[in-house]
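Quick look at input_2.tsv (TSV, C-alpha atoms (C1' of nucleotides)):
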```tsv
chain	number	residue	atom	x	y	z
R	1	MET	CA	0.00	0.00	0.00
R	2	GLU	CA	1.31	3.40	-0.95
R	3	LEU	CA	1.39	5.76	2.03
R	4	LYS	CA	1.01	9.11	0.38
R	5	LYS	CA	-0.76	11.52	2.72
R	6	LEU	CA	-3.31	13.85	1.18
R	7	SER	CA	-1.94	17.36	0.79
R	8	LYS	CA	-3.13	20.55	2.41
R	9	ASP	CA	-4.21	21.64	-1.07
R	10	PHE	CA	-6.59	18.71	-1.23
R	11	TYR	CA	-8.28	19.65	2.04
R	12	GLN	CA	-8.55	23.31	1.10
R	13	GLN	CA	-10.71	22.65	-1.94
R	14	LYS	CA	-14.45	23.20	-1.87
R	15	CYS	CA	-16.08	21.27	0.93
R	16	LEU	CA	-18.34	19.27	-1.39
R	17	THR	CA	-15.35	18.45	-3.58
R	18	VAL	CA	-13.44	17.14	-0.58
R	19	ALA	CA	-16.45	15.16	0.67
R	20	ARG	CA	-16.76	13.43	-2.71
R	21	GLY	CA	-12.99	13.11	-3.11
R	22	LEU	CA	-12.55	11.36	0.22
R	23	ILE	CA	-14.59	8.36	-0.91
R	24	GLY	CA	-12.13	5.55	-1.56
R	25	LYS	CA	-9.26	7.17	0.35
R	26	ILE	CA	-7.74	5.40	3.35
R	27	LEU	CA	-8.09	6.68	6.90
R	28	VAL	CA	-5.15	5.73	9.13
R	29	ARG	CA	-5.02	6.00	12.90
R	30	ILE	CA	-1.84	5.27	14.84
R	31	LYS	CA	-2.14	4.82	18.60
R	32	SER	CA	1.12	3.88	20.34
R	33	ASN	CA	1.97	0.48	18.83
R	34	LYS	CA	-1.40	-0.06	17.19
R	35	ILE	CA	-2.45	0.85	13.68
R	36	TYR	CA	-5.97	1.07	12.38
R	37	SER	CA	-6.95	1.76	8.80
R	38	GLY	CA	-10.00	1.64	6.59
R	39	ILE	CA	-11.32	2.78	3.22
R	40	ILE	CA	-13.63	5.76	3.53
R	41	VAL	CA	-16.99	4.77	2.04
R	42	GLU	CA	-19.33	7.46	3.37
R	43	THR	CA	-19.03	11.20	4.09
R	44	GLU	CA	-21.23	14.25	4.63
R	45	ALA	CA	-20.44	17.91	3.93
R	46	TYR	CA	-21.34	20.68	6.40
R	47	LEU	CA	-21.10	24.10	4.82
R	48	GLY	CA	-20.46	26.48	7.70
R	49	GLU	CA	-22.58	29.59	8.01
R	50	LYS	CA	-24.51	28.74	4.82
R	51	ASP	CA	-25.74	25.52	6.37
R	52	PRO	CA	-28.10	25.47	9.38
R	53	ALA	CA	-27.20	21.82	10.01
R	54	ALA	CA	-23.52	22.64	10.56
R	55	HIS	CA	-22.19	23.11	14.08
R	56	SER	CA	-20.49	26.30	12.94
R	57	PHE	CA	-23.78	27.86	11.74
R	58	ILE	CA	-24.30	29.52	15.14
R	59	GLY	CA	-20.87	31.10	15.03
R	60	LYS	CA	-17.60	30.31	16.72
R	61	THR	CA	-17.71	28.64	20.12
R	62	LYS	CA	-15.15	26.79	22.14
R	63	ARG	CA	-16.59	23.50	20.94
R	64	ASN	CA	-16.48	24.20	17.22
R	65	GLU	CA	-13.50	26.57	17.02
R	66	VAL	CA	-11.39	24.03	15.11
R	67	MET	CA	-13.89	24.26	12.24
R	68	PHE	CA	-13.00	27.92	11.86
R	69	GLY	CA	-9.34	27.13	11.28
R	70	GLU	CA	-7.80	26.18	7.95
R	71	GLY	CA	-8.50	22.95	6.07
R	72	GLY	CA	-6.46	19.86	6.83
R	73	PHE	CA	-7.19	19.48	10.53
R	74	SER	CA	-9.31	17.06	12.51
R	75	TYR	CA	-12.51	18.24	14.22
R	76	VAL	CA	-13.72	15.72	16.79
R	77	TYR	CA	-16.80	16.43	18.87
R	78	PHE	CA	-18.69	14.55	21.51
R	79	THR	CA	-22.44	14.07	21.30
R	80	TYR	CA	-25.44	12.37	22.90
R	81	GLY	CA	-23.44	11.73	26.03
R	82	ASN	CA	-21.45	8.83	24.62
R	83	HIS	CA	-20.32	9.21	21.04
R	84	TYR	CA	-17.45	10.92	19.29
R	85	CYS	CA	-17.60	11.87	15.62
R	86	PHE	CA	-14.63	12.55	13.35
R	87	ASN	CA	-14.68	15.41	10.86
R	88	VAL	CA	-12.15	16.81	8.42
R	89	VAL	CA	-11.95	20.61	8.29
R	90	THR	CA	-11.94	21.90	4.71
R	91	GLU	CA	-11.41	25.12	2.73
R	92	LYS	CA	-9.72	28.27	3.96
R	93	SER	CA	-9.49	29.58	7.48
R	94	GLY	CA	-12.72	31.27	8.60
R	95	THR	CA	-15.12	29.40	6.32
R	96	ALA	CA	-15.86	26.77	8.98
R	97	HIS	CA	-16.68	24.03	6.49
R	98	ALA	CA	-16.10	20.40	7.40
R	99	VAL	CA	-16.69	16.85	6.21
R	100	LEU	CA	-18.07	14.24	8.58
R	101	VAL	CA	-16.61	10.79	7.96
R	102	ARG	CA	-19.55	8.44	8.53
R	103	ALA	CA	-18.25	5.01	7.59
R	104	VAL	CA	-15.15	3.10	6.51
R	105	GLU	CA	-14.39	-0.41	5.30
R	106	PRO	CA	-11.90	-1.86	7.82
R	107	LEU	CA	-8.45	-2.88	6.56
R	108	LEU	CA	-5.85	-3.05	9.35
R	109	GLY	CA	-6.37	-3.53	13.08
R	110	ILE	CA	-9.62	-5.43	12.71
R	111	GLU	CA	-9.02	-7.64	15.75
R	112	GLU	CA	-8.36	-4.57	17.88
R	113	MET	CA	-11.49	-2.87	16.49
R	114	LYS	CA	-13.58	-5.87	17.50
R	115	LYS	CA	-12.26	-5.50	21.04
R	116	ASN	CA	-12.94	-1.76	21.09
R	117	ARG	CA	-16.46	-2.26	19.79
R	118	GLY	CA	-17.31	-5.38	21.78
R	119	THR	CA	-18.53	-7.29	18.74
R	120	ASP	CA	-17.11	-9.85	16.33
R	121	TYR	CA	-19.40	-8.81	13.50
R	122	ILE	CA	-17.21	-7.07	10.95
R	123	TYR	CA	-20.05	-5.17	9.29
R	124	ASN	CA	-20.88	-3.55	12.60
R	125	LEU	CA	-17.41	-2.18	13.42
R	126	THR	CA	-17.27	1.09	11.49
R	127	ASN	CA	-20.61	1.63	9.72
R	128	GLY	CA	-21.57	4.84	11.49
R	129	PRO	CA	-19.72	7.89	12.78
R	130	GLY	CA	-19.92	6.98	16.47
R	131	LYS	CA	-18.98	3.37	15.78
R	132	LEU	CA	-16.04	4.34	13.62
R	133	ALA	CA	-14.66	6.62	16.31
R	134	GLN	CA	-14.98	3.89	18.93
R	135	ALA	CA	-13.31	1.29	16.69
R	136	PHE	CA	-10.42	3.62	15.77
R	137	GLU	CA	-9.95	5.00	19.31
R	138	ILE	CA	-10.80	8.49	18.12
R	139	ASN	CA	-11.69	10.88	20.95
R	140	LYS	CA	-11.44	14.54	21.87
R	141	VAL	CA	-7.67	14.25	22.27
R	142	LEU	CA	-7.59	14.28	18.46
R	143	ASN	CA	-9.68	17.44	18.19
R	144	GLY	CA	-7.53	19.91	16.27
R	145	ALA	CA	-4.96	17.31	15.20
R	146	ASP	CA	-3.05	18.09	12.01
R	147	LEU	CA	-3.99	15.58	9.31
R	148	ASN	CA	-0.43	15.81	8.08
R	149	GLY	CA	0.73	14.55	11.47
R	150	ARG	CA	1.45	11.13	12.89
R	151	GLU	CA	-1.61	10.14	14.93
R	152	ILE	CA	-4.33	10.38	12.34
R	153	PHE	CA	-4.14	11.02	8.61
R	154	ILE	CA	-5.62	10.04	5.25
R	155	VAL	CA	-3.69	8.49	2.37
R	156	GLU	CA	-4.20	7.86	-1.33
R	157	ASN	CA	-5.64	4.57	-2.51
R	158	GLU	CA	-4.32	2.89	-5.66
R	159	ARG	CA	-7.78	1.60	-6.36
R	160	LYS	CA	-9.91	4.42	-7.70
R	161	ASP	CA	-12.86	2.75	-9.39
R	162	TYR	CA	-15.42	3.62	-6.72
R	163	LYS	CA	-18.88	4.52	-7.94
R	164	ILE	CA	-20.15	7.40	-5.87
R	165	SER	CA	-23.79	8.06	-5.01
R	166	LYS	CA	-25.37	11.11	-3.38
R	167	SER	CA	-28.23	11.43	-0.93
R	168	LYS	CA	-29.70	13.49	1.87
R	169	ARG	CA	-27.76	13.64	5.11
R	170	ILE	CA	-28.55	11.45	8.09
R	171	GLY	CA	-29.32	12.34	11.70
R	172	ILE	CA	-29.95	16.07	11.25
R	173	SER	CA	-33.09	18.15	11.68
R	174	LYS	CA	-32.25	21.31	9.71
R	175	ASN	CA	-31.53	21.85	6.02
R	176	THR	CA	-32.34	18.20	5.47
R	177	GLU	CA	-33.14	18.38	1.76
R	178	LYS	CA	-29.62	19.04	0.50
R	179	LEU	CA	-27.78	16.16	-1.17
R	180	TYR	CA	-24.58	16.58	0.81
R	181	ARG	CA	-24.00	12.92	1.65
R	182	PHE	CA	-21.66	10.87	-0.53
R	183	TYR	CA	-21.13	7.13	-0.38
R	184	ALA	CA	-19.59	4.26	-2.29
R	185	LYS	CA	-22.42	2.70	-4.25
R	186	ASP	CA	-23.43	-0.80	-3.13
R	187	ASN	CA	-20.71	-0.90	-0.49
R	188	ILE	CA	-21.84	-3.05	2.40
R	189	PHE	CA	-19.88	-1.05	5.00
R	190	VAL	CA	-21.99	2.08	4.52
R	191	SER	CA	-24.11	3.08	7.54
R	192	LYS	CA	-27.77	2.04	7.59
R	193	TYR	CA	-27.04	-0.44	4.80
R	194	PHE	CA	-28.91	-3.33	6.37
R	195	ILE	CA	-31.80	-1.18	7.50
R	196	LYS	CA	-32.25	-0.01	3.92
R	197	LYS	CA	-32.05	-3.58	2.68
R	198	LEU	CA	-34.74	-4.65	5.13
R	199	ALA	CA	-37.01	-1.78	4.17
R	200	ALA	CA	-36.57	-2.37	0.45
U	201	DT	C1'	-40.07	-2.07	13.69
U	202	DT	C1'	-40.39	1.43	16.97
U	203	DG	C1'	-38.87	3.91	20.78
U	204	DC	C1'	-36.19	5.17	24.41
U	205	DG	C1'	-32.12	5.31	27.66
U	206	DG	C1'	-27.47	6.33	27.94
U	207	DA	C1'	-24.58	10.02	30.14
U	208	DT	C1'	-21.81	14.53	28.69
U	209	DG	C1'	-21.08	19.34	27.54
U	210	DG	C1'	-22.07	23.65	25.44
U	211	DA	C1'	-25.48	27.29	24.46
U	212	DC	C1'	-28.73	29.87	26.27
U	213	DT	C1'	-32.25	31.69	30.02
X	214	DG	C1'	-31.01	25.15	35.53
X	215	DT	C1'	-32.80	23.46	31.02
X	216	DC	C1'	-32.47	21.88	26.56
X	217	DC	C1'	-30.80	19.08	23.09
X	218	DA	C1'	-27.09	17.45	20.11
X	219	DT	C1'	-24.02	15.30	12.67
X	220	DC	C1'	-25.76	8.39	17.49
X	221	DC	C1'	-26.07	3.43	18.98
X	222	DG	C1'	-27.91	-0.62	21.06
X	223	DC	C1'	-31.37	-3.16	22.57
X	224	DA	C1'	-35.82	-3.95	24.84
X	225	DA	C1'	-40.46	-4.15	23.94
X	226	DC	C1'	-44.04	-3.94	20.74
```
Can you turn what I pasted into structure tokens?
Amino acid sequence: MELKKLSKDFYQQKCLTVARGLIGKILVRIKSNKIYSGIIVETEAYLGEKDPAAHSFIGKTKRNEVMFGEGGFSYVYFTYGNHYCFNVVTEKSGTAHAVLVRAVEPLLGIEEMKKNRGTDYIYNLTNGPGKLAQAFEINKVLNGADLNGREIFIVENERKDYKISKSKRIGISKNTEKLYRFYAKDNIFVSKYFIKKLAA
DNA sequence: TTGCGGATGGACT
DNA sequence: GTCCATCCGCAAC
């Protein structure tokens, strides 16, 4: 596997471009002697002050201040009392745009992920933002981390033939009509996959 | 298939 | 002090 980290230029593109572009890339998390990695198969874009669903819509607070920095950093927030979610800050400083990484297809560290998640079922390790964070040991320590650093980063994938679909975002109550969610078509590691299958 | 509890922190009154 | 948040798991229906 080629370990070429995505450049700052990549992250500072338009938020929707980054959200789409991240599909198929590989998220890597290094924690002491452990390494976790997975192919990003689902993302959502949050467009700052133009987007009532974005955390940054209300303006800068201590919680969301990382979003207001420049693209290429990690924004990790805690929600519902027990879940962390991992976002990638995009665009230029002050725009407060970010991409939520919602699901990955596990590659390395799968045994460790099973321990972290308390399940042996591989399709239930990383198919949701809270689950992914738990599996990858992502927590608020990584809020503000440089994605060009050592602890968490995203690398190129030699395979690039992913078909990308768009849809409405999940788990929000405002600005729900926008098609800001991107996912790898027919990929079984996407969140809500089985629920959709059951409903179909 | 629905609905709610978990358990924390920030915004706002 | 109150409200509710980019969610998840599981009990009960």
Contacts between chain X and chain R, please, where a residue of chain R counts if it comes within 8 Å (with only C-alpha atoms (C1' of nucleotides)); show its shortest atom pair and distance in Å to one decimal, rows by chain and ascending number, as JSON lines.
```
{"residue": "R:Ala53", "atom": "CA", "partner": "X:DT219", "partner_atom": "C1'", "distance": 7.7}
{"residue": "R:Ala54", "atom": "CA", "partner": "X:DT219", "partner_atom": "C1'", "distance": 7.7}
{"residue": "R:Thr79", "atom": "CA", "partner": "X:DA218", "partner_atom": "C1'", "distance": 5.9}
{"residue": "R:Tyr80", "atom": "CA", "partner": "X:DA218", "partner_atom": "C1'", "distance": 6.0}
{"residue": "R:His83", "atom": "CA", "partner": "X:DC220", "partner_atom": "C1'", "distance": 6.5}
{"residue": "R:Cys85", "atom": "CA", "partner": "X:DT219", "partner_atom": "C1'", "distance": 7.9}
{"residue": "R:Leu100", "atom": "CA", "partner": "X:DT219", "partner_atom": "C1'", "distance": 7.3}
{"residue": "R:Pro129", "atom": "CA", "partner": "X:DC220", "partner_atom": "C1'", "distance": 7.7}
{"residue": "R:Gly130", "atom": "CA", "partner": "X:DC220", "partner_atom": "C1'", "distance": 6.1}
{"residue": "R:Lys131", "atom": "CA", "partner": "X:DC221", "partner_atom": "C1'", "distance": 7.8}
{"residue": "R:Ile170", "atom": "CA", "partner": "X:DT219", "partner_atom": "C1'", "distance": 7.5}
{"residue": "R:Gly171", "atom": "CA", "partner": "X:DT219", "partner_atom": "C1'", "distance": 6.1}
{"residue": "R:Ile172", "atom": "CA", "partner": "X:DT219", "partner_atom": "C1'", "distance": 6.1}
```
Chain U contacts to chain R at 8 Å (only C-alpha atoms (C1' of nucleotides)) as an mmCIF file with C-alpha atoms (C1' of nucleotides), keeping the file's coordinate frame:
```cif
data_model
loop_
_atom_site.group_PDB
_atom_site.id
_atom_site.type_symbol
_atom_site.label_atom_id
_atom_site.label_comp_id
_atom_site.auth_asym_id
_atom_site.auth_seq_id
_atom_site.Cartn_x
_atom_site.Cartn_y
_atom_site.Cartn_z
ATOM 1 C "C1'" DG U 206 -27.470 6.330 27.940
ATOM 2 C "C1'" DA U 207 -24.580 10.020 30.140
ATOM 3 C "C1'" DT U 208 -21.810 14.530 28.690
ATOM 4 C "C1'" DG U 210 -22.070 23.650 25.440
#
```
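What separates atom CA of Gly48 of chain R from atom CA of Ala98 of chain R is a distance of 7.5 Å.
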Subject >> Contacts of segment 138-150 of chain R within 9 Å, all atoms listed in the file, excl. fewer than 5 positions in-chain, as number ranges by chain >> reply: R: 5-8, 29-30, 65-67, 69, 72-78, 83-86, 88, 132-133
Draw an axis-aligned box over all listed atoms of segment 216-225 of chain X, pad each side with 6 Å, and write its centre and edge lengths in Å, one decimal, as AutoDock Vina command-line options.
```
--center_x -32.2 --center_y 8.9 --center_z 19.6 --size_x 28.4 --size_y 38.0 --size_z 25.9
```
**OP:** Between atom CA of Ile164 of chain R and atom CA of Thr43 of chain R, measure the distance and give it in Å to one decimal.
**Re:** 10.7 Å
**OP:** Calculate how many Å separate atom CA of Glu44 of chain R from atom CA of Asp120 of chain R, rounding to one decimal.
**Re:** 27.1 Å
